[in-house]
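K.L.:
The structure is given below, and queries will be raised subsequently.
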Amino acid sequence: MASDKKPSGRDELSKRILPQMKLSHADNPLTAPLQSPEEAKISASERAVRRFAVEGNAVVTGGAGAIGLSAIRALLEHGASGIAIFDVSASYATSLTSIDELKKDFSQAKVLTYEVDVRDEGKVNEAVELVKTEFNSIDMLLCFAGVVGCTHAIEMEASDWRRVLDVNVTGSWFCAQAIAKQMIAQQTGGSILFTASISGHHVNFPQPQVAYNTSKAAVLQLTRSLAAEWSSYGIRVNSISPGYMDTILNEGDGLAAARAIWADRNPLGRMGDVEELSGAIILLSSKRAGRYMTGIDIIVDGVSRIDDLLCPKRLFTGVH
């Protein structure tokens with residue numbers, strides 16, 4: 001007699017087939033070393049330029065902010081042919097002059113702006129489709145869109161927690177997934193660069209910011225996970241971790257005491273300039289210079305790892 005008992009959740013669980021990621025291999029042209037017979041025929045200076053060249057088109061989220069604008073200028077200086085900026089209206093309101101200057105200084109390149117809230121998956125996908133139409137290919141994604149919230153954990157509202165995680169983590173994920181699909185369809189590979197933070201490695205002092213710290217730790221794991229899973233498609237996924245950067249997020253008389261603490265605990269005695277992130281950004285975005293680098297995080301905080309020697313409590317931490 002047949003039983004009419006439905007399989008339990010545990011029964012179904014035992015029958016599942018585990019998906020398995022596929023790593024790349026030595027013969028994959030998307031991940032093999034770049035070897036050109038022309039190399040021996042060009043000058044040393046030409047090879048130096050080529051080594052750190054940036055090729056193709058980039059989507060830059062949060063591109064209307066100080067770090068984003070600095071990164072865009074560096075990408076264009078190193079050869080990027082197209083930039084699509086994803087940002088919100090409030091950011092564009094204070095950056096239009098700077099964006100116009102980029103267009104003027106790099107008239108050979110195409111610089112486009114799109115109003116995109118990275119928390120909205122539909123808007124992200126729509127914008128990526130528009131960029132694909134304009135540029136034909138998308139070769140790089142750089143995620144700088146992010147928010148900071150300094151609130152005592154015991155007092156934090158659920159909406160504040162969700163906002164920070166949604167922008168910093170989920171928004172980065174939406175953009176990465178949409179653009180990775182395009183890169184896979186192109187069969188050209190590409191580079192994805194997330195912005196993590198020192199806050200993902202240590203706990204900040206003196207400000208409480210549990211949501212931000214948690215979000216940036218998640219970005220670090222997002223980087224590593226996607227680097228492995230998308231390796232066979234020739235998509236390199238890396239991150240940078242800025243320390244305290246001298247941007248509007250860290251300005252104001254109300255932050256003077258905190259700024260003094262941050263500088264005092266840094267061996268270089270100061271905060272970072274946004275341009276000081278450019279070297280790491282170009283390295284990881286360059287198809288040649290960063291060819292054998294994926295799943296890594298470059299810390300740019302003026303501290304290196306001497307914090308254990310100088311401060312046993314490991315309070316050399318910061319946000320960008």
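Ordering of the structure tokens sets the chain letters (A, B, ...); residue numbers start at 1 within each chain; ligands are numbered from 1 in the order shown.
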Using only C-alpha atoms, which protein or nucleic acid residues come within 9 Å of segment 268-276 of chain A? Drop anything in the same chain fewer than 6 positions from it, and give the result as a count of residues only.
P.N.:
20
K.L.:
Which segment 134-179 of chain A residues have any atom within 6 Å of an atom of segment 192-198 of chain A, and for each, what is the nearest pair of atoms with distance in Å to one decimal, counting only C-alpha atoms, rows sorted by chain and number, as JSON lines?
P.N.:
{"residue": "A:Met140", "atom": "CA", "partner": "A:Ile192", "partner_atom": "CA", "distance": 5.8}
{"residue": "A:Leu141", "atom": "CA", "partner": "A:Ile192", "partner_atom": "CA", "distance": 4.7}
{"residue": "A:Leu142", "atom": "CA", "partner": "A:Leu193", "partner_atom": "CA", "distance": 4.7}
{"residue": "A:Cys143", "atom": "CA", "partner": "A:Phe194", "partner_atom": "CA", "distance": 5.0}
{"residue": "A:Phe144", "atom": "CA", "partner": "A:Thr195", "partner_atom": "CA", "distance": 5.8}
K.L.:
For the selection just defined, write its residues with N, CA and C atoms to a file, as a PDB file, in the first residue's frame.
P.N.:
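Saved to result-v8.pdb:
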ATOM      1  N   MET A 140      35.790  46.548 -16.465  1.00  0.00           N
ATOM      2  CA  MET A 140      36.148  46.761 -15.064  1.00  0.00           C
ATOM      3  C   MET A 140      34.940  47.256 -14.280  1.00  0.00           C
ATOM      4  N   LEU A 141      34.874  46.855 -13.025  1.00  0.00           N
ATOM      5  CA  LEU A 141      33.926  47.407 -12.062  1.00  0.00           C
ATOM      6  C   LEU A 141      34.716  47.823 -10.837  1.00  0.00           C
ATOM      7  N   LEU A 142      34.502  49.063 -10.402  1.00  0.00           N
ATOM      8  CA  LEU A 142      35.120  49.541  -9.168  1.00  0.00           C
ATOM      9  C   LEU A 142      34.007  50.043  -8.259  1.00  0.00           C
ATOM     10  N   CYS A 143      33.883  49.463  -7.095  1.00  0.00           N
ATOM     11  CA  CYS A 143      32.790  49.783  -6.176  1.00  0.00           C
ATOM     12  C   CYS A 143      33.279  50.692  -5.052  1.00  0.00           C
ATOM     13  N   PHE A 144      32.879  51.962  -5.116  1.00  0.00           N
ATOM     14  CA  PHE A 144      33.200  52.914  -4.059  1.00  0.00           C
ATOM     15  C   PHE A 144      31.950  53.408  -3.329  1.00  0.00           C
TER      16      PHE A 144
END
K.L.:
For segment 125-234 of chain A versus segment 39-56 of chain A, which residues have an atom no more than 10 Å away, and what is each residue's nearest atom pair and distance in Å rounded to one decimal, using only C-alpha atoms, chain-then-number order, as a tab-separated table?
P.N.:
residue	atom	partner	partner_atom	distance
A:Phe135	CA	A:Gly56	CA	9.0
A:Ser137	CA	A:Gly56	CA	7.7
A:Ile138	CA	A:Gly56	CA	7.2
A:Asp139	CA	A:Gly56	CA	5.7
A:Met140	CA	A:Gly56	CA	7.7
A:Gly190	CA	A:Gly56	CA	9.5
K.L.:
Please produce an output containing C-alpha atoms for each residue in the selection, written as a short mmCIF file (atom, residue, chain, number, x, y, z; two decimals), in the first residue's frame.
P.N.:
data_model
loop_
_atom_site.label_atom_id
_atom_site.label_comp_id
_atom_site.auth_asym_id
_atom_site.auth_seq_id
_atom_site.Cartn_x
_atom_site.Cartn_y
_atom_site.Cartn_z
CA PHE A 135 30.35 50.95 -24.63
CA SER A 137 31.97 45.99 -23.49
CA ILE A 138 32.44 46.38 -19.75
CA ASP A 139 35.92 45.45 -18.61
CA MET A 140 36.15 46.76 -15.06
CA GLY A 190 37.64 41.47 -16.48
#
K.L.:
Would you mind reading off the distance between atom CA of Ser225 of chain A and atom CA of Val237 of chain A, one decimal, in Å?
P.N.:
8.9 Å
K.L.:
Find, counting only C-alpha atoms, the residue in A:Ile299, A:Arg265, A:Val59, A:Gln186 that gets nearest to Phe205 of chain A.
P.N.:
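Nearest to Phe205 of chain A: A:Arg265.
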K.L.:
Pro206 of chain A: which residues within 7 Å, counting only C-alpha atoms, same-chain residues fewer than 2 positions away excluded, as a PyMOL selection string?
P.N.:
chain A and resi 204+208+258
K.L.:
Residues of the last selection are to be written out with N, CA and C atoms, as a JSON list (two decimals), in the first residue's frame.
P.N.:
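File written: result-v3.json
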[["chain", "number", "residue", "atom", "x", "y", "z"],
["A", 204, "ASN", "N", 37.36, 49.83, 15.16],
["A", 204, "ASN", "CA", 37.74, 51.24, 15.20],
["A", 204, "ASN", "C", 37.71, 51.82, 16.61],
["A", 208, "PRO", "N", 32.03, 54.21, 17.77],
["A", 208, "PRO", "CA", 31.35, 52.92, 17.64],
["A", 208, "PRO", "C", 30.68, 52.82, 16.28],
["A", 258, "ALA", "N", 38.55, 63.12, 17.50],
["A", 258, "ALA", "CA", 38.77, 61.79, 16.93],
["A", 258, "ALA", "C", 39.91, 61.82, 15.92]]
K.L.:
Identify, on the basis of only C-alpha atoms, every residue whose closest approach to segment 114-118 of chain A does not exceed 7 Å; exclude the query and any residue fewer than 6 positions from it along the same chain; express the result as a PDB file with N, CA and C atoms, in the first residue's frame.
P.N.:
ATOM      1  N   ILE A  85      29.756  56.330 -14.526  1.00  0.00           N
ATOM      2  CA  ILE A  85      29.641  56.624 -13.105  1.00  0.00           C
ATOM      3  C   ILE A  85      28.237  56.281 -12.626  1.00  0.00           C
ATOM      4  N   PHE A  86      28.153  55.474 -11.570  1.00  0.00           N
ATOM      5  CA  PHE A  86      26.886  55.182 -10.915  1.00  0.00           C
ATOM      6  C   PHE A  86      26.883  55.906  -9.569  1.00  0.00           C
ATOM      7  N   ASP A  87      25.943  56.812  -9.366  1.00  0.00           N
ATOM      8  CA  ASP A  87      25.858  57.499  -8.078  1.00  0.00           C
ATOM      9  C   ASP A  87      24.459  58.080  -7.903  1.00  0.00           C
ATOM     10  N   VAL A  88      24.230  58.679  -6.744  1.00  0.00           N
ATOM     11  CA  VAL A  88      22.911  59.241  -6.438  1.00  0.00           C
ATOM     12  C   VAL A  88      22.937  60.750  -6.636  1.00  0.00           C
ATOM     13  N   SER A  89      21.753  61.342  -6.726  1.00  0.00           N
ATOM     14  CA  SER A  89      21.637  62.756  -7.068  1.00  0.00           C
ATOM     15  C   SER A  89      22.343  63.666  -6.075  1.00  0.00           C
ATOM     16  N   VAL A 124      20.079  48.860 -11.002  1.00  0.00           N
ATOM     17  CA  VAL A 124      21.447  48.453 -11.333  1.00  0.00           C
ATOM     18  C   VAL A 124      21.469  47.704 -12.663  1.00  0.00           C
ATOM     19  N   ALA A 127      20.810  50.043 -15.592  1.00  0.00           N
ATOM     20  CA  ALA A 127      21.966  50.890 -15.899  1.00  0.00           C
ATOM     21  C   ALA A 127      23.064  50.104 -16.593  1.00  0.00           C
ATOM     22  N   VAL A 167      23.772  49.086   1.417  1.00  0.00           N
ATOM     23  CA  VAL A 167      24.610  49.858   0.502  1.00  0.00           C
ATOM     24  C   VAL A 167      25.972  49.199   0.341  1.00  0.00           C
ATOM     25  N   GLY A 171      24.568  46.164  -2.169  1.00  0.00           N
ATOM     26  CA  GLY A 171      24.744  46.989  -3.363  1.00  0.00           C
ATOM     27  C   GLY A 171      25.961  46.580  -4.162  1.00  0.00           C
TER      28      GLY A 171
END
K.L.:
Write out as a ChimeraX atom specification the set of residues from segment 54-153 of chain A that DSSP, computed on the backbone, places in helix (DSSP H, G or I).
P.N.:
/A:66-77,89-92,96-105,121-135,153
K.L.:
Grab the residues selected above and save them as an mmCIF file, in the first residue's frame with C-alpha atoms.
P.N.:
data_model
loop_
_atom_site.group_PDB
_atom_site.id
_atom_site.type_symbol
_atom_site.label_atom_id
_atom_site.label_comp_id
_atom_site.auth_asym_id
_atom_site.auth_seq_id
_atom_site.Cartn_x
_atom_site.Cartn_y
_atom_site.Cartn_z
ATOM 1 C CA ALA A 66 36.218 62.125 -3.580
ATOM 2 C CA ILE A 67 37.750 58.651 -3.784
ATOM 3 C CA GLY A 68 35.730 57.737 -6.859
ATOM 4 C CA LEU A 69 36.699 60.895 -8.753
ATOM 5 C CA SER A 70 40.370 60.412 -7.895
ATOM 6 C CA ALA A 71 40.215 56.796 -9.064
ATOM 7 C CA ILE A 72 38.486 57.769 -12.315
ATOM 8 C CA ARG A 73 41.180 60.313 -13.113
ATOM 9 C CA ALA A 74 43.858 57.671 -12.497
ATOM 10 C CA LEU A 75 42.052 55.146 -14.709
ATOM 11 C CA LEU A 76 41.841 57.677 -17.528
ATOM 12 C CA GLU A 77 45.489 58.679 -17.104
ATOM 13 C CA SER A 89 21.637 62.756 -7.068
ATOM 14 C CA ALA A 90 22.954 64.169 -3.776
ATOM 15 C CA SER A 91 26.508 63.228 -4.767
ATOM 16 C CA TYR A 92 26.169 64.578 -8.294
ATOM 17 C CA LEU A 96 29.317 68.135 -11.621
ATOM 18 C CA THR A 97 32.168 70.620 -12.014
ATOM 19 C CA SER A 98 34.738 67.925 -11.273
ATOM 20 C CA ILE A 99 33.089 65.539 -13.724
ATOM 21 C CA ASP A 100 33.064 68.237 -16.417
ATOM 22 C CA GLU A 101 36.783 68.762 -15.815
ATOM 23 C CA LEU A 102 37.381 65.048 -16.355
ATOM 24 C CA LYS A 103 35.499 65.183 -19.648
ATOM 25 C CA LYS A 104 37.537 68.207 -20.733
ATOM 26 C CA ASP A 105 40.908 66.802 -19.651
ATOM 27 C CA GLU A 121 18.725 45.625 -8.112
ATOM 28 C CA GLY A 122 16.388 46.570 -10.949
ATOM 29 C CA LYS A 123 17.984 49.999 -11.409
ATOM 30 C CA VAL A 124 21.447 48.453 -11.333
ATOM 31 C CA ASN A 125 20.521 45.946 -14.048
ATOM 32 C CA GLU A 126 18.903 48.671 -16.174
ATOM 33 C CA ALA A 127 21.966 50.890 -15.899
ATOM 34 C CA VAL A 128 24.320 48.041 -16.806
ATOM 35 C CA GLU A 129 22.236 47.386 -19.937
ATOM 36 C CA LEU A 130 22.522 51.064 -20.906
ATOM 37 C CA VAL A 131 26.287 51.016 -20.373
ATOM 38 C CA LYS A 132 26.594 47.870 -22.457
ATOM 39 C CA THR A 133 24.788 49.627 -25.298
ATOM 40 C CA GLU A 134 27.015 52.703 -25.053
ATOM 41 C CA PHE A 135 30.353 50.951 -24.629
ATOM 42 C CA ALA A 153 25.308 49.315 19.162
#
K.L.:
I'd like the neighbourhood of Gln20 of chain A as a list in words, where a residue qualifies if any of its atoms comes within 12 Å (using only C-alpha atoms), though same-chain residues fewer than 5 positions away should be ignored.
P.N.:
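Everything that qualifies: Ala228, Glu229 and Trp230 of chain A.
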K.L.:
Could you please write out, as a VMD selection string, every residue of segment 52-297 of chain A that DSSP assigns to strand (DSSP E)?
P.N.:
chain A and resid 57 to 61 82 to 87 110 to 115 140 to 143 190 to 195 235 to 242 297
